[in-house]
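One structure below.
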Amino acid sequence: MDLSQYTQYMVPLVIGFCMCIGYVIKKSLDFIPNKYIPLIVLIVGIGLNILLSKKVTTEIVIAGALSGLASIGTHQTCKCLNNRRENYGDMTDEEKKKQQKQLDKDSDE
């Protein structure tokens, strides 16, 4: 599936801002359940993109929504990569070699 057609709707400023908002909600606002963070960043992304563009069109709303949700994906990717790096330090040399072989095998496929 080719996702390159959606890159035109990604707004880096909105993605970065929504990542910060999501992080603050997760770490500071305990009364908001984590399951609502995607909905909140979606709404913030739409609102921020409308403010930046100074007009409301379907394309601007879609770009804001996709950028807001992309911030969740970006955060999760960074989190997974960071966890992999932390867990990698606790492994023995044999486990590291085994994992590297698996990663090489997966990249070849």
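Chains: A, B, ... in order of the structure tokens. Residues: from 1 per chain. Ligands: from 1, in order shown.
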Long-range neighbours of stretch 60-67 of chain A as a list in words, 6 Å cut-off, only C-alpha atoms, 6 positions minimum in chain: Tyr9, Met10, Val11, Ile15, Leu42, Gly45, Ile46 and Asn49 of chain A
Writer output for current selection, C-alpha atoms, as a compact mmCIF listing (two decimals), in the first residue's frame:
# COMPACT_ATOMS: atom_id res chain seq x y z
CA TYR A 9 -1.33 16.44 4.26
CA MET A 10 1.39 16.27 6.93
CA VAL A 11 2.20 19.58 8.62
CA ILE A 15 2.84 17.19 14.38
CA LEU A 42 -6.82 15.03 16.58
CA GLY A 45 -4.34 19.25 15.14
CA ILE A 46 -7.44 20.38 13.27
CA ASN A 49 -4.01 23.84 11.24
Nearby residues (only C-alpha atoms) at most 12 Å from A:Cys20, same-chain spacing under 3 positions excluded, as JSON, numbers by chain: {"A": [13, 14, 15, 16, 17, 23, 24, 25, 26, 27, 28, 37, 40, 41, 44, 45, 68, 71, 72, 74, 75]}
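Shortest atom-to-atom contact with A:Leu52 among A:Pro12, A:Asn34, A:Ser4, A:Leu29: A:Pro12, counting only C-alpha atoms.
Each of A:Lys96, A:Gln5, A:Asp30, A:Met19 was compared to A:Cys78 using only C-alpha atoms, and A:Met19 turns out to be the nearest.
Candidate residues A:Ile32, A:Gln8, A:Pro38, A:Leu103 were compared for distance to A:Leu69, and the nearest is A:Pro38, using only C-alpha atoms.
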Chain A: residues DSSP assigns to helix (DSSP H, G or I), reported as number ranges by chain: A: 4-9, 12-28, 34-53, 58-89, 93-108
